[in-house]
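Novice: Pasting target_3.pdb here (PDB, C-alpha atoms and all ligand atoms):
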ATOM      1  CA  MET K   1     116.617 130.875  86.964  1.00  0.00           C
ATOM      2  CA  LYS K   2     119.955 130.807  88.753  1.00  0.00           C
ATOM      3  CA  LEU K   3     119.000 128.294  91.452  1.00  0.00           C
ATOM      4  CA  LEU K   4     121.499 126.402  93.615  1.00  0.00           C
ATOM      5  CA  ILE K   5     120.332 123.808  96.109  1.00  0.00           C
ATOM      6  CA  LEU K   6     122.460 122.930  99.130  1.00  0.00           C
ATOM      7  CA  ASP K   7     122.521 120.148 101.660  1.00  0.00           C
ATOM      8  CA  ARG K   8     122.985 121.658 105.138  1.00  0.00           C
ATOM      9  CA  ASP K   9     125.080 119.589 107.536  1.00  0.00           C
ATOM     10  CA  GLY K  10     128.595 119.169 106.228  1.00  0.00           C
ATOM     11  CA  VAL K  11     128.140 121.809 103.526  1.00  0.00           C
ATOM     12  CA  ILE K  12     126.928 124.992 105.245  1.00  0.00           C
ATOM     13  CA  ASN K  13     127.870 124.027 108.787  1.00  0.00           C
ATOM     14  CA  GLN K  14     130.036 121.402 110.425  1.00  0.00           C
ATOM     15  CA  ASP K  15     128.430 117.977 110.753  1.00  0.00           C
ATOM     16  CA  SER K  16     128.667 115.481 113.613  1.00  0.00           C
ATOM     17  CA  ASP K  17     128.016 111.761 113.843  1.00  0.00           C
ATOM     18  CA  ALA K  18     126.177 112.686 117.046  1.00  0.00           C
ATOM     19  CA  TYR K  19     123.774 114.922 115.092  1.00  0.00           C
ATOM     20  CA  ILE K  20     123.488 118.702 115.382  1.00  0.00           C
ATOM     21  CA  LYS K  21     121.168 118.812 118.377  1.00  0.00           C
ATOM     22  CA  THR K  22     121.398 122.390 119.686  1.00  0.00           C
ATOM     23  CA  LEU K  23     121.993 125.893 118.352  1.00  0.00           C
ATOM     24  CA  ASP K  24     125.420 125.837 119.994  1.00  0.00           C
ATOM     25  CA  GLU K  25     126.273 122.664 118.073  1.00  0.00           C
ATOM     26  CA  TRP K  26     125.347 124.381 114.811  1.00  0.00           C
ATOM     27  CA  ILE K  27     128.792 125.687 113.833  1.00  0.00           C
ATOM     28  CA  PRO K  28     128.815 127.477 110.474  1.00  0.00           C
ATOM     29  CA  ILE K  29     131.640 126.960 108.001  1.00  0.00           C
ATOM     30  CA  PRO K  30     132.702 130.626 107.577  1.00  0.00           C
ATOM     31  CA  SER K  31     133.642 130.323 103.912  1.00  0.00           C
ATOM     32  CA  SER K  32     130.276 128.671 103.205  1.00  0.00           C
ATOM     33  CA  ILE K  33     128.367 131.558 104.766  1.00  0.00           C
ATOM     34  CA  ALA K  34     130.414 133.969 102.665  1.00  0.00           C
ATOM     35  CA  ALA K  35     129.808 131.834  99.564  1.00  0.00           C
ATOM     36  CA  ILE K  36     126.035 131.940 100.036  1.00  0.00           C
ATOM     37  CA  ALA K  37     126.201 135.724 100.446  1.00  0.00           C
ATOM     38  CA  ARG K  38     128.363 136.095  97.324  1.00  0.00           C
ATOM     39  CA  LEU K  39     126.055 133.906  95.254  1.00  0.00           C
ATOM     40  CA  SER K  40     122.843 135.623  96.355  1.00  0.00           C
ATOM     41  CA  GLN K  41     124.364 139.050  95.734  1.00  0.00           C
ATOM     42  CA  ALA K  42     125.161 137.847  92.210  1.00  0.00           C
ATOM     43  CA  GLY K  43     121.514 136.948  91.603  1.00  0.00           C
ATOM     44  CA  TRP K  44     121.555 133.300  92.592  1.00  0.00           C
ATOM     45  CA  THR K  45     118.702 131.822  94.605  1.00  0.00           C
ATOM     46  CA  VAL K  46     120.194 129.512  97.232  1.00  0.00           C
ATOM     47  CA  ALA K  47     117.816 126.929  98.677  1.00  0.00           C
ATOM     48  CA  VAL K  48     118.471 124.173 101.229  1.00  0.00           C
ATOM     49  CA  ALA K  49     117.298 120.557 101.431  1.00  0.00           C
ATOM     50  CA  THR K  50     118.243 118.833 104.673  1.00  0.00           C
ATOM     51  CA  ASN K  51     117.499 115.501 106.333  1.00  0.00           C
ATOM     52  CA  GLN K  52     116.728 116.059 110.009  1.00  0.00           C
ATOM     53  CA  SER K  53     115.957 112.587 111.373  1.00  0.00           C
ATOM     54  CA  GLY K  54     117.094 113.888 114.756  1.00  0.00           C
ATOM     55  CA  ILE K  55     113.556 115.218 115.120  1.00  0.00           C
ATOM     56  CA  ALA K  56     112.021 111.776 114.618  1.00  0.00           C
ATOM     57  CA  ARG K  57     114.652 110.360 116.944  1.00  0.00           C
ATOM     58  CA  GLY K  58     113.702 112.876 119.637  1.00  0.00           C
ATOM     59  CA  TYR K  59     117.139 114.489 119.802  1.00  0.00           C
ATOM     60  CA  TYR K  60     115.767 118.013 119.198  1.00  0.00           C
ATOM     61  CA  ASP K  61     112.485 119.712 118.249  1.00  0.00           C
ATOM     62  CA  LEU K  62     111.291 121.883 115.386  1.00  0.00           C
ATOM     63  CA  ALA K  63     111.834 125.093 117.361  1.00  0.00           C
ATOM     64  CA  THR K  64     115.486 124.208 117.845  1.00  0.00           C
ATOM     65  CA  LEU K  65     115.880 123.389 114.163  1.00  0.00           C
ATOM     66  CA  GLU K  66     114.279 126.683 113.220  1.00  0.00           C
ATOM     67  CA  SER K  67     116.624 128.570 115.580  1.00  0.00           C
ATOM     68  CA  MET K  68     119.537 127.143 113.579  1.00  0.00           C
ATOM     69  CA  HIS K  69     117.978 128.307 110.342  1.00  0.00           C
ATOM     70  CA  ALA K  70     117.271 131.771 111.787  1.00  0.00           C
ATOM     71  CA  ARG K  71     120.968 131.968 112.722  1.00  0.00           C
ATOM     72  CA  LEU K  72     121.943 130.917 109.199  1.00  0.00           C
ATOM     73  CA  ARG K  73     119.722 133.600 107.684  1.00  0.00           C
ATOM     74  CA  GLN K  74     121.116 136.212 110.105  1.00  0.00           C
ATOM     75  CA  LEU K  75     124.752 135.378 109.319  1.00  0.00           C
ATOM     76  CA  VAL K  76     124.189 135.521 105.561  1.00  0.00           C
ATOM     77  CA  ALA K  77     122.181 138.757 105.857  1.00  0.00           C
ATOM     78  CA  GLU K  78     125.047 140.336 107.844  1.00  0.00           C
ATOM     79  CA  GLN K  79     127.170 139.798 104.710  1.00  0.00           C
ATOM     80  CA  GLY K  80     124.537 141.312 102.440  1.00  0.00           C
ATOM     81  CA  GLY K  81     123.079 138.074 101.130  1.00  0.00           C
ATOM     82  CA  GLU K  82     119.979 136.025 101.708  1.00  0.00           C
ATOM     83  CA  VAL K  83     119.000 132.381 101.974  1.00  0.00           C
ATOM     84  CA  GLY K  84     116.027 131.084  99.998  1.00  0.00           C
ATOM     85  CA  LEU K  85     113.665 128.292 100.877  1.00  0.00           C
ATOM     86  CA  ILE K  86     114.909 125.838 103.488  1.00  0.00           C
ATOM     87  CA  VAL K  87     113.162 122.467 103.374  1.00  0.00           C
ATOM     88  CA  HIS K  88     113.770 119.723 105.910  1.00  0.00           C
ATOM     89  CA  CYS K  89     112.714 116.093 106.275  1.00  0.00           C
ATOM     90  CA  PRO K  90     111.841 115.458 109.943  1.00  0.00           C
ATOM     91  CA  HIS K  91     111.293 111.740 109.454  1.00  0.00           C
ATOM     92  CA  GLY K  92     113.299 108.706 110.403  1.00  0.00           C
ATOM     93  CA  PRO K  93     114.794 106.095 108.056  1.00  0.00           C
ATOM     94  CA  ASP K  94     111.881 103.697 108.663  1.00  0.00           C
ATOM     95  CA  ASP K  95     109.048 106.222 108.258  1.00  0.00           C
ATOM     96  CA  GLY K  96     108.652 105.616 104.540  1.00  0.00           C
ATOM     97  CA  CYS K  97     108.325 109.297 103.692  1.00  0.00           C
ATOM     98  CA  ASP K  98     108.872 110.769 100.242  1.00  0.00           C
ATOM     99  CA  CYS K  99     111.124 113.569 101.404  1.00  0.00           C
ATOM    100  CA  ARG K 100     114.094 111.861 103.079  1.00  0.00           C
ATOM    101  CA  LYS K 101     117.166 111.837 100.878  1.00  0.00           C
ATOM    102  CA  PRO K 102     118.156 109.846  98.839  1.00  0.00           C
ATOM    103  CA  LYS K 103     114.555 110.325  97.789  1.00  0.00           C
ATOM    104  CA  PRO K 104     114.165 113.570  95.814  1.00  0.00           C
ATOM    105  CA  GLY K 105     110.965 114.856  97.450  1.00  0.00           C
ATOM    106  CA  MET K 106     112.600 117.949  98.967  1.00  0.00           C
ATOM    107  CA  LEU K 107     114.219 118.842  95.650  1.00  0.00           C
ATOM    108  CA  ARG K 108     110.837 118.573  93.948  1.00  0.00           C
ATOM    109  CA  GLN K 109     109.320 120.743  96.708  1.00  0.00           C
ATOM    110  CA  ILE K 110     111.935 123.435  96.058  1.00  0.00           C
ATOM    111  CA  ALA K 111     111.362 123.282  92.293  1.00  0.00           C
ATOM    112  CA  ALA K 112     107.603 123.656  92.792  1.00  0.00           C
ATOM    113  CA  HIS K 113     108.105 126.596  95.162  1.00  0.00           C
ATOM    114  CA  TYR K 114     110.121 128.438  92.527  1.00  0.00           C
ATOM    115  CA  ALA K 115     108.036 127.126  89.603  1.00  0.00           C
ATOM    116  CA  THR K 116     111.168 125.929  87.861  1.00  0.00           C
ATOM    117  CA  ASP K 117     112.528 122.725  86.393  1.00  0.00           C
ATOM    118  CA  LEU K 118     115.242 120.764  88.196  1.00  0.00           C
ATOM    119  CA  ALA K 119     117.130 119.491  85.126  1.00  0.00           C
ATOM    120  CA  GLY K 120     120.783 120.472  85.433  1.00  0.00           C
ATOM    121  CA  ILE K 121     120.328 122.386  88.699  1.00  0.00           C
ATOM    122  CA  TRP K 122     123.360 121.862  90.904  1.00  0.00           C
ATOM    123  CA  PHE K 123     122.677 120.093  94.215  1.00  0.00           C
ATOM    124  CA  VAL K 124     125.644 120.326  96.561  1.00  0.00           C
ATOM    125  CA  GLY K 125     126.036 117.687  99.260  1.00  0.00           C
ATOM    126  CA  ASP K 126     128.496 115.665 101.317  1.00  0.00           C
ATOM    127  CA  THR K 127     126.936 112.184 101.276  1.00  0.00           C
ATOM    128  CA  SER K 128     125.999 109.571  98.703  1.00  0.00           C
ATOM    129  CA  GLY K 129     122.343 110.092  99.626  1.00  0.00           C
ATOM    130  CA  ASP K 130     122.651 113.674  98.448  1.00  0.00           C
ATOM    131  CA  LEU K 131     124.165 112.574  95.151  1.00  0.00           C
ATOM    132  CA  GLN K 132     121.481 109.927  94.635  1.00  0.00           C
ATOM    133  CA  ALA K 133     118.713 112.436  95.329  1.00  0.00           C
ATOM    134  CA  ALA K 134     120.210 114.747  92.709  1.00  0.00           C
ATOM    135  CA  LEU K 135     120.388 111.996  90.103  1.00  0.00           C
ATOM    136  CA  ALA K 136     116.779 110.964  90.770  1.00  0.00           C
ATOM    137  CA  VAL K 137     115.521 114.290  89.417  1.00  0.00           C
ATOM    138  CA  ASP K 138     118.228 115.016  86.819  1.00  0.00           C
ATOM    139  CA  CYS K 139     120.013 117.582  89.004  1.00  0.00           C
ATOM    140  CA  GLN K 140     123.772 117.940  88.685  1.00  0.00           C
ATOM    141  CA  PRO K 141     125.292 116.032  91.632  1.00  0.00           C
ATOM    142  CA  VAL K 142     128.030 118.051  93.324  1.00  0.00           C
ATOM    143  CA  LEU K 143     130.152 116.664  96.169  1.00  0.00           C
ATOM    144  CA  VAL K 144     132.133 118.814  98.581  1.00  0.00           C
ATOM    145  CA  LYS K 145     134.930 117.384 100.716  1.00  0.00           C
ATOM    146  CA  THR K 146     133.717 119.070 103.900  1.00  0.00           C
ATOM    147  CA  GLY K 147     131.519 117.220 106.412  1.00  0.00           C
ATOM    148  CA  LYS K 148     131.275 113.582 105.355  1.00  0.00           C
ATOM    149  CA  GLY K 149     132.571 114.395 101.873  1.00  0.00           C
ATOM    150  CA  GLU K 150     135.963 112.723 102.262  1.00  0.00           C
ATOM    151  CA  ARG K 151     134.225 109.509 103.408  1.00  0.00           C
ATOM    152  CA  THR K 152     131.880 109.738 100.436  1.00  0.00           C
ATOM    153  CA  LEU K 153     134.833 110.294  98.099  1.00  0.00           C
ATOM    154  CA  ALA K 154     136.404 107.038  99.336  1.00  0.00           C
ATOM    155  CA  LYS K 155     133.589 105.096  97.605  1.00  0.00           C
ATOM    156  CA  PRO K 156     132.717 105.060  93.889  1.00  0.00           C
ATOM    157  CA  LEU K 157     130.830 108.197  92.863  1.00  0.00           C
ATOM    158  CA  PRO K 158     127.917 108.378  90.428  1.00  0.00           C
ATOM    159  CA  PRO K 159     129.239 109.151  86.929  1.00  0.00           C
ATOM    160  CA  GLY K 160     129.272 112.865  86.224  1.00  0.00           C
ATOM    161  CA  THR K 161     129.541 113.924  89.858  1.00  0.00           C
ATOM    162  CA  LEU K 162     131.459 117.193  90.223  1.00  0.00           C
ATOM    163  CA  VAL K 163     133.825 117.393  93.190  1.00  0.00           C
ATOM    164  CA  PHE K 164     134.977 120.551  94.955  1.00  0.00           C
ATOM    165  CA  ASP K 165     136.914 121.162  98.154  1.00  0.00           C
ATOM    166  CA  ASP K 166     134.084 123.166  99.713  1.00  0.00           C
ATOM    167  CA  LEU K 167     131.106 125.403  98.986  1.00  0.00           C
ATOM    168  CA  ALA K 168     133.410 128.382  98.508  1.00  0.00           C
ATOM    169  CA  ALA K 169     135.039 126.573  95.580  1.00  0.00           C
ATOM    170  CA  VAL K 170     131.594 125.800  94.137  1.00  0.00           C
ATOM    171  CA  ALA K 171     130.726 129.503  94.364  1.00  0.00           C
ATOM    172  CA  ASP K 172     134.033 130.464  92.734  1.00  0.00           C
ATOM    173  CA  GLN K 173     133.172 128.170  89.831  1.00  0.00           C
ATOM    174  CA  LEU K 174     129.615 129.449  89.429  1.00  0.00           C
ATOM    175  CA  LEU K 175     130.733 133.080  89.674  1.00  0.00           C
ATOM    176  CA  SER K 176     133.694 132.745  87.318  1.00  0.00           C
TER     177      SER K 176
HETATM  178  O1  LIG K 201     123.412 116.564 105.718  1.00  0.00           O
HETATM  179  P1  LIG K 201     121.970 116.914 106.052  1.00  0.00           P
HETATM  180  O2  LIG K 201     120.955 116.175 105.169  1.00  0.00           O
HETATM  181  O3  LIG K 201     121.733 118.432 106.058  1.00  0.00           O
HETATM  182  O4  LIG K 201     121.701 116.442 107.583  1.00  0.00           O
HETATM  183  C1  LIG K 201     122.294 115.259 108.077  1.00  0.00           C
HETATM  184  C2  LIG K 201     121.834 115.147 109.519  1.00  0.00           C
HETATM  185  O5  LIG K 201     120.438 115.077 109.581  1.00  0.00           O
HETATM  186  C3  LIG K 201     122.319 113.887 110.193  1.00  0.00           C
HETATM  187  O6  LIG K 201     122.009 112.776 109.358  1.00  0.00           O
HETATM  188  C4  LIG K 201     122.279 111.541 110.022  1.00  0.00           C
HETATM  189  O7  LIG K 201     121.929 110.477 109.145  1.00  0.00           O
HETATM  190  P2  LIG K 201     120.590 109.611 109.430  1.00  0.00           P
HETATM  191  O8  LIG K 201     119.402 110.591 109.219  1.00  0.00           O
HETATM  192  O9  LIG K 201     120.660 109.105 110.843  1.00  0.00           O
HETATM  193  O10 LIG K 201     120.605 108.498 108.366  1.00  0.00           O
HETATM  194  C5  LIG K 201     123.762 111.418 110.397  1.00  0.00           C
HETATM  195  O11 LIG K 201     124.508 111.364 109.196  1.00  0.00           O
HETATM  196  C6  LIG K 201     124.208 112.637 111.198  1.00  0.00           C
HETATM  197  O12 LIG K 201     125.602 112.612 111.353  1.00  0.00           O
HETATM  198  C7  LIG K 201     123.812 113.912 110.503  1.00  0.00           C
HETATM  199  O13 LIG K 201     124.089 115.036 111.352  1.00  0.00           O
HETATM  200 MG    MG K 202     125.124 116.605 104.779  1.00  0.00          MG
HETATM  201 ZN    ZN K 203     110.607 112.937 105.198  1.00  0.00          ZN
END
Give the structure from this file in structure tokens form.
Specialist:
Amino acid sequence: MKLLILDRDGVINQDSDAYIKTLDEWIPIPSSIAAIARLSQAGWTVAVATNQSGIARGYYDLATLESMHARLRQLVAEQGGEVGLIVHCPHGPDDGCDCRKPKPGMLRQIAAHYATDLAGIWFVGDTSGDLQAALAVDCQPVLVKTGKGERTLAKPLPPGTLVFDDLAAVADQLLS
């Protein structure tokens, strides 16, 4: 199965140290939206695994989060593509859940949904937590320089991490 798993903030849309709290603050990266459309039109299933501790912190609610994801789906559909399963972790750092990255629970949830194995599946993120989550379940860790990617790149990366400028470059590689 051609499955690609994406982190959201900093990969699909701009990130902010102040969290993405409203639909207006959810600003898509245009080339990332186009990349998702290109990949899905080429037969790739594109899923999303995103930490959303802003819910636990009370910065926004589930309805607001889902409005962002509806917008994402709409933008990709307008370019003839589609977004697969979007999984989020609503918990805070101290909640001890199994789904908050760097734990791999959301990646496992996606694999179970599609009844597929995770070994070698590319997981594209912008933080070290994303890369660690990938490694925990034998996914291929992929770092993009958008979002917090440049900060992440300033620290040692896990061996074998692939680095690309942005999601568009990841799509170019997968579609080449
Ligand atoms: O990149 P993904 O996983 O899609 O989402 C990240 C967001 O949930 C937020 O995660 C927070 O980390 P803490 O949850 O406070 O450690 C901060 O890094 C925020 O800047 C960021 O917007
Ligand atoms: Mg991110
Ligand atoms: Zn969680």
Novice: Pick out the closest residue to Gly149 (chain K) from this set: K:Ala37, K:Val163, K:Ala133, K:Ala77. Count only C-alpha atoms.
Specialist: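 Smallest distance to Gly149 (chain K) is found for K:Val163.
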Novice: Using all atoms listed in the file, what residues lie at most 9 Å away from (130.9, 117.8, 89.2) (file coordinates), given as a VMD selection string?
Specialist: chain K and resid 122 140 to 143 160 to 164
Novice: Gly54 (chain K): which residues within 8 Å, counting all atoms listed in the file, same-chain residues fewer than 5 positions away excluded, as a PyMOL selection string?
Specialist: chain K and resi 19+21+59-60+90+92
Novice: Please determine the residues with any atom at most 12 Å from (114.7, 112.6, 99.3) (coordinates as given in the file, with all atoms listed in the file counting) and report them as a PDB file with C-alpha atoms, in the coordinates of the input.
Specialist:
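The resulting file, part_23.pdb, is reproduced below:
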ATOM      1  CA  ASP K   7     122.521 120.148 101.660  1.00  0.00           C
ATOM      2  CA  ALA K  49     117.298 120.557 101.431  1.00  0.00           C
ATOM      3  CA  THR K  50     118.243 118.833 104.673  1.00  0.00           C
ATOM      4  CA  ASN K  51     117.499 115.501 106.333  1.00  0.00           C
ATOM      5  CA  GLN K  52     116.728 116.059 110.009  1.00  0.00           C
ATOM      6  CA  VAL K  87     113.162 122.467 103.374  1.00  0.00           C
ATOM      7  CA  HIS K  88     113.770 119.723 105.910  1.00  0.00           C
ATOM      8  CA  CYS K  89     112.714 116.093 106.275  1.00  0.00           C
ATOM      9  CA  PRO K  90     111.841 115.458 109.943  1.00  0.00           C
ATOM     10  CA  HIS K  91     111.293 111.740 109.454  1.00  0.00           C
ATOM     11  CA  GLY K  92     113.299 108.706 110.403  1.00  0.00           C
ATOM     12  CA  PRO K  93     114.794 106.095 108.056  1.00  0.00           C
ATOM     13  CA  GLY K  96     108.652 105.616 104.540  1.00  0.00           C
ATOM     14  CA  CYS K  97     108.325 109.297 103.692  1.00  0.00           C
ATOM     15  CA  ASP K  98     108.872 110.769 100.242  1.00  0.00           C
ATOM     16  CA  CYS K  99     111.124 113.569 101.404  1.00  0.00           C
ATOM     17  CA  ARG K 100     114.094 111.861 103.079  1.00  0.00           C
ATOM     18  CA  LYS K 101     117.166 111.837 100.878  1.00  0.00           C
ATOM     19  CA  PRO K 102     118.156 109.846  98.839  1.00  0.00           C
ATOM     20  CA  LYS K 103     114.555 110.325  97.789  1.00  0.00           C
ATOM     21  CA  PRO K 104     114.165 113.570  95.814  1.00  0.00           C
ATOM     22  CA  GLY K 105     110.965 114.856  97.450  1.00  0.00           C
ATOM     23  CA  MET K 106     112.600 117.949  98.967  1.00  0.00           C
ATOM     24  CA  LEU K 107     114.219 118.842  95.650  1.00  0.00           C
ATOM     25  CA  ARG K 108     110.837 118.573  93.948  1.00  0.00           C
ATOM     26  CA  GLN K 109     109.320 120.743  96.708  1.00  0.00           C
ATOM     27  CA  ILE K 110     111.935 123.435  96.058  1.00  0.00           C
ATOM     28  CA  SER K 128     125.999 109.571  98.703  1.00  0.00           C
ATOM     29  CA  GLY K 129     122.343 110.092  99.626  1.00  0.00           C
ATOM     30  CA  ASP K 130     122.651 113.674  98.448  1.00  0.00           C
ATOM     31  CA  LEU K 131     124.165 112.574  95.151  1.00  0.00           C
ATOM     32  CA  GLN K 132     121.481 109.927  94.635  1.00  0.00           C
ATOM     33  CA  ALA K 133     118.713 112.436  95.329  1.00  0.00           C
ATOM     34  CA  ALA K 134     120.210 114.747  92.709  1.00  0.00           C
ATOM     35  CA  LEU K 135     120.388 111.996  90.103  1.00  0.00           C
ATOM     36  CA  ALA K 136     116.779 110.964  90.770  1.00  0.00           C
ATOM     37  CA  VAL K 137     115.521 114.290  89.417  1.00  0.00           C
TER      38      VAL K 137
END
Novice: Between K:Asn13, K:Asp95, K:Glu78, K:Ala35, single out the one closest to ligand ZN 203 (chain K), counting all atoms listed in the file.
Specialist: K:Asp95
Novice: Give as a ChimeraX atom specification the residues surrounding ligand MG 202 (chain K) up to a distance of 6 Å, considering only C-alpha atoms and all ligand atoms.
Specialist: /K:7-10,125-127
Novice: For the residues selected in the previous step, produce a file with C-alpha atoms as a PDB file, keeping the file's coordinate frame.
Specialist:
ATOM      1  CA  ASP K   7     122.521 120.148 101.660  1.00  0.00           C
ATOM      2  CA  ARG K   8     122.985 121.658 105.138  1.00  0.00           C
ATOM      3  CA  ASP K   9     125.080 119.589 107.536  1.00  0.00           C
ATOM      4  CA  GLY K  10     128.595 119.169 106.228  1.00  0.00           C
ATOM      5  CA  GLY K 125     126.036 117.687  99.260  1.00  0.00           C
ATOM      6  CA  ASP K 126     128.496 115.665 101.317  1.00  0.00           C
ATOM      7  CA  THR K 127     126.936 112.184 101.276  1.00  0.00           C
TER       8      THR K 127
END
Novice: Tell me, in Å to one decimal, how far CA of Ile33 (chain K) is from CA of Ile86 (chain K).
Specialist: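 So the two atoms, CA of Ile33 (chain K) and CA of Ile86 (chain K), lie 14.7 Å apart.
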Novice: Please list as an NGL selection string every residue within 12 Å of Lys2 (chain K), counting all atoms listed in the file and excluding residues in the same chain fewer than 3 positions away.
Specialist: :K and (5 or 39-47 or 84 or 111 or 114 or 116-118 or 120-122 or 174-175)
Novice: Using only C-alpha atoms, which residue out of K:Ala154, K:Ile29, K:Ala112, K:Ala168 lies closest to Val124 (chain K)?
Specialist: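 Answer, going by the shortest atom-to-atom distance: K:Ala168.
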Novice: Just checking: using all atoms listed in the file, which residue out of K:Ile27, K:Ala34, K:Ala63, K:Leu157 ends up closest to ligand LIG 201 (chain K)?
Specialist: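 Once distances to ligand LIG 201 (chain K) are computed over all atoms listed in the file, the minimum belongs to K:Ile27.
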Novice: By how many Å are CA of Ser67 (chain K) and CA of Val144 (chain K) apart?
Specialist: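 Separation of CA of Ser67 (chain K) and CA of Val144 (chain K): 25.0 Å.
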Novice: Could you state the separation of CA of Thr152 (chain K) and CA of Ile20 (chain K) in Å, given to one decimal place?
Specialist: 19.3 Å
Novice: Rank nothing, just name the residue among K:Val48, K:Leu3, K:Leu65, K:Ile55 nearest to Ala115 (chain K), using all atoms listed in the file.
Specialist: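 Once distances to Ala115 (chain K) are computed over all atoms listed in the file, the minimum belongs to K:Leu3.
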